[in-house]
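Participant: Structure: final_38.cif, mmCIF, C-alpha atoms and all ligand atoms.
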```
data_my_file
loop_
_atom_site.label_atom_id
_atom_site.label_comp_id
_atom_site.auth_asym_id
_atom_site.auth_seq_id
_atom_site.Cartn_x
_atom_site.Cartn_y
_atom_site.Cartn_z
CA MET A 151 -8.83 124.21 -147.32
CA LEU A 152 -11.93 122.70 -145.72
CA HIS A 153 -12.39 125.43 -143.08
CA LYS A 154 -11.10 128.97 -142.78
CA ASN A 155 -9.02 128.23 -139.65
CA LEU A 156 -6.83 125.85 -141.69
CA SER A 157 -3.86 126.79 -143.83
CA ILE A 158 -0.45 125.55 -144.97
CA ASN A 159 2.62 127.45 -143.81
CA GLU A 160 5.95 128.04 -145.59
CA LYS A 161 7.34 124.80 -144.13
CA GLY A 162 4.53 122.84 -145.75
CA HIS A 163 2.96 122.20 -142.32
CA LEU A 164 -0.71 122.36 -141.41
CA GLU A 165 -1.63 125.46 -139.47
CA PHE A 166 -4.79 125.50 -137.35
CA ALA A 167 -6.12 128.67 -135.72
CA GLY A 168 -2.80 130.32 -136.47
CA VAL A 169 -0.54 127.67 -134.89
CA ASP A 170 1.68 125.08 -136.56
CA THR A 171 0.09 121.74 -135.63
CA THR A 172 3.45 119.92 -135.76
CA VAL A 173 4.83 122.36 -133.16
CA VAL A 174 1.80 121.73 -130.93
CA ALA A 175 2.40 117.99 -131.38
CA LYS A 176 6.01 118.38 -130.19
CA GLU A 177 5.12 120.59 -127.27
CA TYR A 178 2.06 118.78 -125.93
CA GLY A 179 2.47 115.26 -127.33
CA THR A 180 0.03 113.13 -129.30
CA PRO A 181 -2.73 112.29 -129.55
CA ALA A 182 -4.25 115.64 -128.67
CA TYR A 183 -7.44 117.52 -129.41
CA LEU A 184 -7.01 121.13 -130.49
CA ILE A 185 -9.89 123.56 -129.98
CA ASP A 186 -10.04 126.92 -131.75
CA GLU A 187 -11.81 129.05 -129.14
CA ASN A 188 -12.11 132.04 -131.43
CA MET A 189 -14.09 129.95 -133.89
CA VAL A 190 -16.36 128.56 -131.16
CA LEU A 191 -17.23 132.11 -130.12
CA GLU A 192 -17.65 133.28 -133.70
CA ASN A 193 -19.98 130.40 -134.56
CA PHE A 194 -22.07 130.92 -131.45
CA LYS A 195 -22.32 134.66 -132.05
CA THR A 196 -23.43 133.99 -135.63
CA TYR A 197 -26.44 132.10 -134.26
CA GLN A 198 -27.07 134.70 -131.55
CA ASN A 199 -27.09 137.60 -133.98
CA ALA A 200 -29.01 135.90 -136.77
CA MET A 201 -31.70 134.56 -134.44
CA LYS A 202 -32.13 137.90 -132.69
CA THR A 203 -32.27 139.81 -135.97
CA HIS A 204 -34.58 137.51 -137.88
CA MET A 205 -36.60 135.66 -135.24
CA GLY A 206 -37.08 138.41 -132.66
CA GLU A 207 -35.41 139.77 -129.52
CA GLY A 208 -36.25 136.78 -127.30
CA SER A 209 -35.01 134.17 -129.79
CA LYS A 210 -31.62 132.58 -129.09
CA PRO A 211 -29.38 129.56 -129.48
CA LEU A 212 -28.57 127.15 -126.66
CA PHE A 213 -25.22 125.45 -127.05
CA ALA A 214 -25.88 121.67 -127.02
CA SER A 215 -23.02 120.92 -124.70
CA LYS A 216 -23.16 117.16 -125.16
CA ALA A 217 -21.17 117.86 -128.36
CA LEU A 218 -18.20 119.10 -126.30
CA SER A 219 -18.30 119.30 -122.54
CA TYR A 220 -15.42 120.49 -120.36
CA THR A 221 -15.15 123.33 -117.91
CA GLY A 222 -13.61 125.82 -120.36
CA ILE A 223 -16.36 125.50 -122.96
CA TYR A 224 -19.04 126.68 -120.48
CA ARG A 225 -16.82 129.67 -119.63
CA LEU A 226 -16.64 130.56 -123.33
CA ILE A 227 -20.43 130.45 -123.75
CA SER A 228 -20.77 132.45 -120.57
CA GLU A 229 -18.46 135.12 -122.00
CA VAL A 230 -21.02 135.93 -124.69
CA GLY A 231 -24.01 135.65 -122.34
CA GLY A 232 -25.12 132.43 -124.01
CA CYS A 233 -27.46 129.67 -122.90
CA ILE A 234 -26.66 125.95 -122.84
CA ASP A 235 -28.45 122.68 -122.96
CA ILE A 236 -27.27 119.91 -120.72
CA VAL A 237 -28.42 116.29 -120.82
CA SER A 238 -26.93 114.76 -117.71
CA PRO A 239 -25.97 115.57 -114.12
CA GLY A 240 -22.30 115.25 -115.17
CA GLU A 241 -22.71 118.05 -117.72
CA LEU A 242 -24.63 119.99 -115.09
CA TYR A 243 -21.75 119.55 -112.62
CA THR A 244 -19.21 120.67 -115.23
CA ALA A 245 -21.22 123.82 -116.00
CA VAL A 246 -21.55 124.60 -112.29
CA ASN A 247 -17.80 123.99 -111.92
CA ALA A 248 -17.26 126.61 -114.64
CA GLY A 249 -19.32 129.15 -112.69
CA PHE A 250 -22.00 129.12 -115.38
CA ASP A 251 -25.22 130.99 -114.56
CA MET A 252 -27.55 128.00 -114.32
CA SER A 253 -30.65 130.09 -114.91
CA ASN A 254 -29.40 130.05 -118.53
CA ALA A 255 -29.38 126.23 -118.62
CA PHE A 256 -31.97 123.90 -120.14
CA PHE A 257 -31.93 120.40 -118.66
CA HIS A 258 -32.68 117.60 -121.14
CA GLY A 259 -32.73 113.84 -120.78
CA SER A 260 -35.29 111.16 -121.50
CA ASN A 261 -34.87 109.43 -118.15
CA LYS A 262 -33.88 111.86 -115.42
CA THR A 263 -33.60 110.15 -112.05
CA ASN A 264 -35.01 111.61 -108.85
CA ALA A 265 -31.45 112.49 -107.87
CA ASP A 266 -30.88 114.27 -111.22
CA ILE A 267 -34.04 116.31 -110.67
CA ALA A 268 -33.02 117.18 -107.11
CA TYR A 269 -29.58 118.27 -108.34
CA GLY A 270 -31.00 120.43 -111.12
CA LEU A 271 -33.46 122.12 -108.77
CA LYS A 272 -30.75 122.71 -106.16
CA GLU A 273 -28.49 124.37 -108.72
CA GLY A 274 -31.30 126.58 -110.03
CA VAL A 275 -31.48 125.21 -113.57
CA GLY A 276 -33.60 127.68 -115.57
CA TYR A 277 -35.70 125.21 -117.52
CA PHE A 278 -36.30 121.49 -117.37
CA ILE A 279 -37.18 119.97 -120.72
CA VAL A 280 -39.71 117.40 -119.59
CA ASP A 281 -39.85 114.20 -121.57
CA ASN A 282 -42.57 112.22 -119.80
CA VAL A 283 -45.23 112.20 -117.10
CA PHE A 284 -43.07 110.36 -114.54
CA GLU A 285 -40.51 113.11 -114.55
CA LEU A 286 -43.21 115.78 -114.55
CA GLU A 287 -44.72 114.41 -111.34
CA GLU A 288 -41.35 114.15 -109.63
CA ILE A 289 -40.35 117.72 -110.56
CA SER A 290 -43.68 118.97 -109.25
CA LYS A 291 -43.28 117.04 -105.99
CA GLN A 292 -39.74 118.21 -105.35
CA ALA A 293 -40.48 121.82 -106.39
CA LYS A 294 -43.42 121.82 -103.95
CA ASP A 295 -41.13 120.67 -101.13
CA LEU A 296 -38.75 123.51 -101.98
CA GLY A 297 -41.62 125.99 -102.22
CA ILE A 298 -40.77 126.98 -105.80
CA THR A 299 -42.33 126.87 -109.25
CA GLN A 300 -40.07 125.31 -111.88
CA LYS A 301 -40.18 126.51 -115.49
CA ILE A 302 -40.45 123.67 -118.00
CA LEU A 303 -40.73 122.93 -121.71
CA LEU A 304 -42.33 119.74 -122.99
CA ARG A 305 -40.47 117.54 -125.42
CA VAL A 306 -42.72 116.65 -128.29
CA THR A 307 -42.06 114.49 -131.37
CA PRO A 308 -43.36 116.06 -134.56
CA GLY A 309 -43.07 112.85 -136.61
CA ILE A 310 -40.37 114.03 -139.00
CA ASP A 311 -37.81 111.85 -140.70
CA PRO A 312 -35.00 114.12 -141.89
CA HIS A 313 -33.46 111.29 -143.97
CA THR A 314 -30.30 111.14 -141.96
CA HIS A 315 -28.67 108.25 -140.17
CA ALA A 316 -31.10 106.18 -138.09
CA LYS A 317 -29.03 106.50 -134.89
CA ILE A 318 -29.00 110.28 -135.05
CA ASN A 319 -32.61 110.61 -136.07
CA THR A 320 -34.86 111.46 -133.17
CA GLY A 321 -37.99 113.27 -134.36
CA LYS A 322 -39.98 110.27 -135.59
CA VAL A 323 -43.17 109.13 -133.89
CA ASP A 324 -41.57 105.93 -132.57
CA SER A 325 -38.56 107.76 -131.07
CA LYS A 326 -37.43 107.06 -127.52
CA PHE A 327 -37.64 110.83 -126.89
CA GLY A 328 -40.68 112.90 -126.04
CA ALA A 329 -44.42 112.62 -126.59
CA PRO A 330 -45.68 112.27 -130.17
CA ILE A 331 -48.23 114.80 -131.43
CA GLU A 332 -49.72 112.37 -133.94
CA THR A 333 -51.02 109.86 -131.39
CA GLY A 334 -52.49 112.49 -129.06
CA MET A 335 -49.92 111.73 -126.36
CA ALA A 336 -48.45 115.25 -126.51
CA GLU A 337 -51.86 116.85 -125.90
CA LYS A 338 -52.50 114.48 -122.99
CA LEU A 339 -49.15 115.41 -121.46
CA PHE A 340 -50.02 119.09 -121.92
CA CYS A 341 -53.36 118.58 -120.10
CA LYS A 342 -51.55 116.79 -117.32
CA VAL A 343 -49.13 119.75 -116.96
CA MET A 344 -52.09 122.14 -116.72
CA GLU A 345 -53.31 120.38 -113.60
CA THR A 346 -49.86 119.89 -112.07
CA PRO A 347 -48.81 122.35 -109.36
CA ASN A 348 -45.36 123.98 -108.96
CA VAL A 349 -44.47 123.80 -112.64
CA SER A 350 -44.96 126.53 -115.21
CA LEU A 351 -45.13 125.55 -118.85
CA GLU A 352 -43.07 127.90 -121.04
CA GLY A 353 -43.26 126.03 -124.33
CA PHE A 354 -42.34 123.03 -126.41
CA HIS A 355 -39.25 121.35 -127.74
CA SER A 356 -38.56 119.18 -130.77
CA HIS A 357 -35.31 117.83 -132.14
CA ILE A 358 -35.54 116.08 -135.48
CA GLY A 359 -31.99 114.87 -135.95
CA SER A 360 -28.47 115.91 -136.83
CA GLN A 361 -26.20 116.75 -139.75
CA ILE A 362 -29.10 118.36 -141.66
CA PHE A 363 -28.14 120.88 -144.36
CA GLU A 364 -31.54 121.90 -145.72
CA ILE A 365 -34.09 124.09 -143.98
CA GLU A 366 -37.03 122.03 -145.23
CA PRO A 367 -37.04 119.44 -142.40
CA PHE A 368 -36.79 122.26 -139.81
CA SER A 369 -39.56 124.20 -141.52
CA ASP A 370 -41.76 121.07 -141.67
CA ALA A 371 -41.12 120.37 -137.99
CA ALA A 372 -41.82 124.01 -137.10
CA ARG A 373 -45.10 123.86 -139.01
CA ILE A 374 -46.27 120.77 -137.14
CA MET A 375 -45.19 122.29 -133.83
CA LEU A 376 -46.89 125.62 -134.60
CA GLU A 377 -50.09 123.87 -135.61
CA PHE A 378 -49.97 122.17 -132.20
CA VAL A 379 -49.30 125.55 -130.53
CA ALA A 380 -52.27 127.06 -132.40
CA MET A 381 -54.52 124.16 -131.40
CA LEU A 382 -53.57 124.60 -127.72
CA HIS A 383 -54.30 128.31 -128.02
CA ASP A 384 -57.72 127.80 -129.61
CA LYS A 385 -58.81 124.87 -127.48
CA TYR A 386 -57.28 125.77 -124.10
CA GLY A 387 -56.35 129.45 -124.42
CA PHE A 388 -52.69 128.57 -123.82
CA ASP A 389 -49.97 131.01 -124.92
CA THR A 390 -46.62 129.46 -125.86
CA ASN A 391 -43.60 131.54 -124.90
CA TYR A 392 -40.85 129.36 -126.39
CA LEU A 393 -40.71 127.04 -129.35
CA ASN A 394 -37.43 125.12 -129.29
CA LEU A 395 -36.55 123.57 -132.65
CA GLY A 396 -33.58 121.57 -131.37
CA GLY A 397 -30.19 121.19 -132.94
CA GLY A 398 -28.91 119.69 -136.05
CA PHE A 399 -27.49 121.97 -138.74
CA GLY A 400 -24.79 120.03 -140.57
CA VAL A 401 -21.07 120.65 -140.82
CA GLN A 402 -18.56 120.00 -143.56
CA TYR A 403 -16.60 116.91 -142.51
CA THR A 404 -15.25 116.30 -146.01
CA LYS A 405 -15.35 117.97 -149.43
CA ASP A 406 -18.46 115.88 -150.20
CA ASP A 407 -20.49 117.79 -147.60
CA PRO A 408 -21.96 121.15 -148.60
CA GLN A 409 -20.69 124.28 -146.88
CA ILE A 410 -23.63 126.22 -145.52
CA ASP A 411 -24.06 129.74 -144.24
CA TYR A 412 -25.84 129.43 -140.87
CA ALA A 413 -26.96 133.06 -140.76
CA GLU A 414 -28.56 132.70 -144.18
CA ARG A 415 -30.24 129.42 -143.20
CA ILE A 416 -31.63 131.04 -140.05
CA GLU A 417 -32.96 134.00 -142.05
CA LYS A 418 -34.73 131.66 -144.50
CA LEU A 419 -36.10 129.49 -141.71
CA SER A 420 -37.44 132.54 -139.92
CA ALA A 421 -39.34 133.58 -143.06
CA GLU A 422 -40.96 130.14 -143.16
CA ILE A 423 -41.82 130.29 -139.46
CA LYS A 424 -43.48 133.68 -139.97
CA GLU A 425 -45.51 132.23 -142.81
CA HIS A 426 -46.65 129.23 -140.74
CA CYS A 427 -47.69 131.59 -137.93
CA ARG A 428 -49.69 133.68 -140.40
CA ASP A 429 -51.37 130.54 -141.75
CA PHE A 430 -52.39 129.46 -138.25
CA GLY A 431 -53.25 132.99 -137.14
CA ILE A 432 -50.98 132.96 -134.10
CA LYS A 433 -48.35 135.27 -132.63
CA GLN A 434 -44.87 133.87 -133.20
CA PRO A 435 -43.35 132.39 -130.03
CA ASN A 436 -39.71 133.11 -129.20
CA ILE A 437 -37.60 130.58 -131.08
CA LEU A 438 -34.82 128.53 -129.50
CA MET A 439 -32.34 126.35 -131.37
CA GLU A 440 -29.77 123.94 -129.95
CA PRO A 441 -26.74 123.84 -132.19
CA GLY A 442 -23.98 121.48 -131.06
CA ARG A 443 -21.75 120.29 -133.86
CA SER A 444 -22.18 123.43 -135.96
CA ILE A 445 -20.64 125.43 -133.07
CA VAL A 446 -17.68 123.20 -132.25
CA ALA A 447 -16.97 120.57 -134.93
CA ALA A 448 -14.86 122.67 -137.29
CA ALA A 449 -13.33 124.40 -134.26
CA GLY A 450 -11.63 121.10 -133.40
CA LEU A 451 -8.91 118.94 -134.86
CA THR A 452 -7.08 115.85 -133.58
CA ILE A 453 -3.37 115.21 -134.03
CA TYR A 454 -1.82 111.76 -133.89
CA GLU A 455 1.59 110.30 -134.56
CA ILE A 456 1.94 107.66 -137.25
CA GLY A 457 3.48 104.39 -136.04
CA ALA A 458 3.32 101.26 -138.15
CA THR A 459 2.31 101.17 -141.80
CA LYS A 460 1.49 98.01 -143.67
CA GLU A 461 1.05 97.29 -147.38
CA ILE A 462 -0.85 94.10 -148.01
CA GLU A 463 0.08 93.38 -151.61
CA GLY A 464 -3.04 93.20 -153.81
CA PHE A 465 -5.37 94.12 -150.92
CA LYS A 466 -5.04 97.26 -148.90
CA ASN A 467 -2.72 99.51 -146.94
CA TYR A 468 -2.85 100.50 -143.31
CA ALA A 469 -1.36 103.41 -141.42
CA SER A 470 -1.67 103.12 -137.65
CA VAL A 471 -1.90 106.03 -135.23
CA ASP A 472 -1.35 106.36 -131.48
CA GLY A 473 -5.08 106.90 -130.80
CA GLY A 474 -8.25 105.54 -132.38
CA MET A 475 -11.81 104.62 -131.40
CA THR A 476 -11.06 105.59 -127.80
CA ASP A 477 -10.71 109.26 -128.78
CA ASN A 478 -12.91 109.18 -131.88
CA PRO A 479 -15.49 106.36 -131.88
CA ARG A 480 -17.58 107.87 -134.67
CA TYR A 481 -16.27 105.80 -137.57
CA ALA A 482 -16.67 102.61 -135.56
CA LEU A 483 -20.19 103.67 -134.52
CA TYR A 484 -21.62 105.25 -137.66
CA GLN A 485 -18.95 105.12 -140.39
CA SER A 486 -18.75 108.88 -140.07
CA PRO A 487 -16.64 110.52 -142.74
CA TYR A 488 -13.58 112.56 -141.75
CA THR A 489 -10.79 114.29 -143.63
CA CYS A 490 -7.28 113.07 -142.78
CA VAL A 491 -4.06 114.84 -143.76
CA LEU A 492 -0.36 114.45 -142.98
CA ALA A 493 0.29 117.68 -141.11
CA ASN A 494 4.05 117.68 -141.75
CA LYS A 495 3.76 116.83 -145.47
CA MET A 496 0.98 119.12 -146.68
CA ASN A 497 2.60 119.88 -150.03
CA GLU A 498 3.47 116.29 -150.93
CA LYS A 499 1.50 114.20 -153.36
CA CYS A 500 -1.30 112.16 -151.78
CA ASP A 501 -0.67 108.87 -153.55
CA PHE A 502 -0.84 106.42 -150.63
CA VAL A 503 -4.39 105.16 -150.24
CA CYS A 504 -4.88 103.53 -146.87
CA THR A 505 -7.04 102.76 -143.88
CA ILE A 506 -6.19 104.77 -140.77
CA ALA A 507 -6.25 102.32 -137.87
CA GLY A 508 -6.17 102.89 -134.14
CA ARG A 509 -4.25 101.02 -131.46
CA CYS A 510 -7.07 99.08 -129.78
CA CYS A 511 -7.40 95.30 -129.90
CA GLU A 512 -10.46 95.57 -132.08
CA SER A 513 -10.50 95.25 -135.86
CA GLY A 514 -13.28 97.84 -136.06
CA ASP A 515 -10.98 100.39 -134.45
CA LEU A 516 -10.60 102.57 -137.52
CA ILE A 517 -10.57 106.33 -137.91
CA GLN A 518 -11.29 106.25 -141.64
CA GLU A 519 -10.94 104.05 -144.73
CA ASN A 520 -9.84 104.92 -148.28
CA VAL A 521 -7.80 107.91 -147.24
CA ALA A 522 -5.27 109.36 -149.69
CA ILE A 523 -2.20 110.77 -147.94
CA PRO A 524 1.48 111.08 -148.86
CA GLU A 525 3.53 107.92 -148.19
CA PRO A 526 3.73 108.03 -144.38
CA SER A 527 6.83 107.47 -142.23
CA ARG A 528 6.96 106.55 -138.58
CA GLY A 529 6.78 109.80 -136.60
CA ASP A 530 4.72 111.76 -139.15
CA ILE A 531 1.81 113.74 -137.72
CA LEU A 532 -1.66 112.79 -138.92
CA ALA A 533 -4.34 115.43 -138.44
CA VAL A 534 -8.02 114.52 -138.52
CA LEU A 535 -10.12 117.59 -139.27
CA CYS A 536 -13.43 118.69 -137.85
CA THR A 537 -13.31 116.60 -134.66
CA GLY A 538 -14.50 119.26 -132.20
CA ALA A 539 -17.92 117.65 -131.78
CA TYR A 540 -18.65 114.20 -130.32
CA ASN A 541 -15.00 113.15 -130.09
CA TYR A 542 -13.74 114.23 -126.66
CA SER A 543 -17.31 113.95 -125.34
CA MET A 544 -17.61 110.35 -126.60
CA ALA A 545 -14.08 109.26 -125.68
CA SER A 546 -13.50 106.17 -123.56
CA ASN A 547 -10.73 104.36 -121.72
CA TYR A 548 -11.16 101.08 -123.59
CA ASN A 549 -7.95 99.03 -123.45
CA ARG A 550 -6.98 101.31 -120.54
CA ILE A 551 -5.94 104.02 -122.96
CA PRO A 552 -5.72 107.46 -121.32
CA ARG A 553 -7.80 110.23 -122.89
CA PRO A 554 -5.89 112.90 -124.84
CA PRO A 555 -5.67 116.48 -123.60
CA ILE A 556 -7.61 119.41 -125.02
CA ILE A 557 -5.27 122.14 -126.19
CA ALA A 558 -7.24 125.36 -126.47
CA ILE A 559 -6.07 128.01 -128.91
CA ARG A 560 -7.12 131.62 -128.37
CA ASP A 561 -5.77 134.51 -130.45
CA GLY A 562 -2.97 132.31 -131.79
CA LYS A 563 -1.84 131.12 -128.33
CA ALA A 564 -2.10 127.49 -127.24
CA ARG A 565 -2.69 126.32 -123.68
CA ILE A 566 -3.88 123.19 -121.90
CA ALA A 567 -7.63 123.32 -121.26
CA VAL A 568 -7.92 119.67 -120.18
CA ARG A 569 -4.72 117.87 -119.25
CA ARG A 570 -3.81 114.46 -120.61
CA GLU A 571 -5.01 111.56 -118.48
CA THR A 572 -2.24 109.69 -116.72
CA TYR A 573 -1.97 105.97 -115.96
CA ALA A 574 -2.48 106.95 -112.32
CA ASP A 575 -5.79 108.63 -113.32
CA LEU A 576 -6.85 105.31 -114.80
CA CYS A 577 -6.37 103.59 -111.44
CA SER A 578 -7.60 106.49 -109.34
CA LEU A 579 -10.99 104.90 -108.73
CA ASP A 580 -9.69 101.41 -108.10
CA GLU A 581 -9.77 100.25 -104.46
C1 LIG J 601 -27.82 116.10 -130.03
C2 LIG J 601 -28.82 117.14 -129.77
C3 LIG J 601 -28.59 118.45 -130.17
C4 LIG J 601 -27.38 118.88 -130.96
O1 LIG J 601 -27.32 118.30 -132.22
P1 LIG J 601 -26.17 118.78 -133.25
O2 LIG J 601 -26.30 117.89 -134.42
O3 LIG J 601 -24.87 118.59 -132.54
O4 LIG J 601 -26.41 120.21 -133.53
C5 LIG J 601 -29.51 119.41 -129.82
N1 LIG J 601 -30.63 119.09 -129.13
C6 LIG J 601 -30.89 117.83 -128.72
C7 LIG J 601 -32.11 117.55 -127.96
C8 LIG J 601 -30.01 116.82 -129.04
O5 LIG J 601 -30.28 115.56 -128.67
#
```
Kindly return the structure encoded in the file as structure tokens.
Facilitator:
Amino acid sequence: MLHKNLSINEKGHLEFAGVDTTVVAKEYGTPAYLIDENMVLENFKTYQNAMKTHMGEGSKPLFASKALSYTGIYRLISEVGGCIDIVSPGELYTAVNAGFDMSNAFFHGSNKTNADIAYGLKEGVGYFIVDNVFELEEISKQAKDLGITQKILLRVTPGIDPHTHAKINTGKVDSKFGAPIETGMAEKLFCKVMETPNVSLEGFHSHIGSQIFEIEPFSDAARIMLEFVAMLHDKYGFDTNYLNLGGGFGVQYTKDDPQIDYAERIEKLSAEIKEHCRDFGIKQPNILMEPGRSIVAAAGLTIYEIGATKEIEGFKNYASVDGGMTDNPRYALYQSPYTCVLANKMNEKCDFVCTIAGRCCESGDLIQENVAIPEPSRGDILAVLCTGAYNYSMASNYNRIPRPPIIAIRDGKARIAVRRETYADLCSLDE
């Protein structure tokens, strides 16, 4: 099957992380997100080991927690001594709630408020990734009041278009994120940092986009960044400690996506980085990467119950589920591909081609179109694969639909990691 944590058992049911998904559906209800914690750890350790081996002792991954943020995920990363990136005070709060060592946190965001900055400083966030001069001045001011020096990286745009979807493409010169190198803005921001008290510049960050399978765009970005690093060394005598290349390695959502070996990609990328450093005559900085989806996507799966089905003679078929764009908005947002299967009919012929629709009052509320599954009956369990990233974290309460629970599976045992929202939860903020 698509990923190694998936199999079909003797009953013809879909097994995920060693548990029968139809049994989980009965026990915990639908819709529900399932998270394979063993796979999260394994994926993260793959990055940790490969980066340390090939890029040097100080090189490491930061889990991009916007892909999946709940208390338990920060505990998992903590278990393996990992670092995280956070992009909002809500993610920061969740990490603190998990008891995460915040000196291992990198605080992103293109428009941090004064309150965000105060919160990050109070909680001892290790590194702020500074996007602009406004935020730089505020960090400096607040750090001065606290009598501390805050470590920072600068977010820089290398001007790379990795040929992916426009909405998840962030490294181009005209991006809303960071200071472009090409226009001289990045150098100006660097000069500004050099004369700003109470901040210490540790390095630079770039993120070129997501769902990238080749190393070429990363290597190109690294080259531009290292040329910039070399220029700062020659012109200003500045030594860069960290070069953060962002996130973005792709995952296999469907059979049409390639399956890549992250350790091998990291090894190849490190060879290219070494070559660029040789070309520019500089010492290689420690490398950071920020994988999100490649850590958690395949470690997640969503189960739904099939309700209505509809065959519109001569047009198309629909199968409706008890969730939809509220728990997975990615098809509605970007027509993201997903693999859908009937978890209780895995050995039956997939001869019913249909659109999987959600329950919202919104015709765009679709999980996927042109899906081939066995003829569905009311009560069948539909599983959508590879939903660990950007599903729970992008979920909403549109139509006052409660968010599904996260059922975590560790060593073949399932437990509730985030409970299902209740109707009372929905009204809990209402006066
Ligand atoms: C979204 C994002 C990531 C993670 O991207 P993935 O495709 O999930 O790996 C990492 N870094 C930054 C700055 C991001 O915006």
Participant: Could you jot down the atom CA of A:Glu455 to atom CA of A:Arg569 separation for me, Å, one decimal place?
Facilitator: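 Here the two named atoms are 18.2 Å from each other.
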Participant: A:Thr476, A:Ser543, A:Thr203, A:Ser513: which is nearest ligand LIG 601 (chain J), counting all atoms listed in the file?
Facilitator: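 Checking each of A:Thr476, A:Ser543, A:Thr203, A:Ser513 against ligand LIG 601 (chain J), counting all atoms listed in the file, the winner is A:Ser543.
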Participant: Mind pulling up the distance from atom CA of A:Ala482 to atom CA of A:Asp501?
Facilitator: 24.9 Å
Participant: I'd like the interatomic distance between atom CA of A:Gly162 and atom CA of A:Ser486, to a tenth of an Å.
Facilitator: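 Straight-line distance from atom CA of A:Gly162 to atom CA of A:Ser486 works out to 27.7 Å.
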Participant: Let me see if you get this right: every residue at most 8 Å from ligand LIG 601 (chain J), counting only C-alpha atoms and all ligand atoms, written as a PyMOL selection string.
Facilitator: chain A and resi 213-217+235+258+318+320+356-357+359-362+396-400+439-445+539-540
Participant: Do a neighbour search on A:Ile236 at 12 Å with all atoms listed in the file, toss out local chain neighbours closer than 3 positions, and write the hits as a ChimeraX atom specification.
Facilitator: /A:212-220,224,233,239-246,250,252,254-260,262,266,270,275-279,440,442
Participant: Excluding stretch 338-344 of chain A and residues on its chain fewer than 6 positions from it, collect all residues at most 12 Å away from it, counting all atoms listed in the file, and give them as a PyMOL selection string.
Facilitator: chain A and resi 280-287+289-290+300-306+328-332+350-354+378-379+381-383+385-388+390
Participant: Wanna dump the stretch 462-525 of chain A-stretch 169-180 of chain A contacts at 12 Å for me, each residue with its shortest atom pair and the distance in Å to one decimal, counting only C-alpha atoms, ordered by chain and number, as CSV?
Facilitator:
```
residue,atom,partner,partner_atom,distance
A:Val471,CA,A:Thr180,CA,9.4
A:Asp472,CA,A:Thr180,CA,7.2
A:Gly473,CA,A:Thr180,CA,8.2
A:Gly474,CA,A:Thr180,CA,11.6
A:Asp477,CA,A:Thr180,CA,11.4
A:Val491,CA,A:Thr171,CA,11.4
A:Leu492,CA,A:Thr172,CA,9.8
A:Ala493,CA,A:Thr172,CA,6.6
A:Asn494,CA,A:Thr172,CA,6.4
A:Lys495,CA,A:Thr172,CA,10.2
A:Met496,CA,A:Thr172,CA,11.2
```
Participant: Report as JSON, numbers by chain all protein, DNA and RNA residues lying within 8 Å of A:Asn348, evaluated on only C-alpha atoms, omitting residues in the same chain fewer than 5 positions from it.
Facilitator: {"A": [290, 291, 293, 294, 297, 298, 299, 300]}
Participant: Keeping only C-alpha atoms, write the selected residues as a compact mmCIF listing (two decimals), keeping the file's coordinate frame.
Facilitator:
```txt
# COMPACT_ATOMS: atom_id res chain seq x y z
CA SER A 290 -43.68 118.97 -109.25
CA LYS A 291 -43.28 117.04 -105.99
CA ALA A 293 -40.48 121.82 -106.39
CA LYS A 294 -43.42 121.82 -103.95
CA GLY A 297 -41.62 125.99 -102.22
CA ILE A 298 -40.77 126.98 -105.80
CA THR A 299 -42.33 126.87 -109.25
CA GLN A 300 -40.07 125.31 -111.88
```
Participant: Anything within 8 Å of (-5.1, 127.8, -142.0): list those residues as a ChimeraX atom specification, counting all atoms listed in the file and sticking to the file's coordinates.
Facilitator: /A:151,153-159,164-168
Participant: For A:Gln518, find every residue with an atom within 7 Å (counting all atoms listed in the file), except residues of its own chain fewer than 2 positions away, and show them as a ChimeraX atom specification.
Facilitator: /A:481,487-488,505-506,516,520-521
Participant: Extending 8 Å beyond the listed atoms of stretch 561-574 of chain A on each side, what axis-aligned box results? I want centre and edge lengths in Å to one decimal, as lines of an AutoDock Vina configuration file.
Facilitator:
```
center_x = -4.9
center_y = 120.2
center_z = -122.1
size_x = 22.1
size_y = 44.5
size_z = 35.5
```
Participant: List as a PyMOL selection string the protein and nucleic acid residues near A:Asp370, meaning an atom at most 10 Å away when only C-alpha atoms are counted, but skip any in the same chain fewer than 3 places from it.
Facilitator: chain A and resi 308-310+312+365-367+373-376+422-423+426
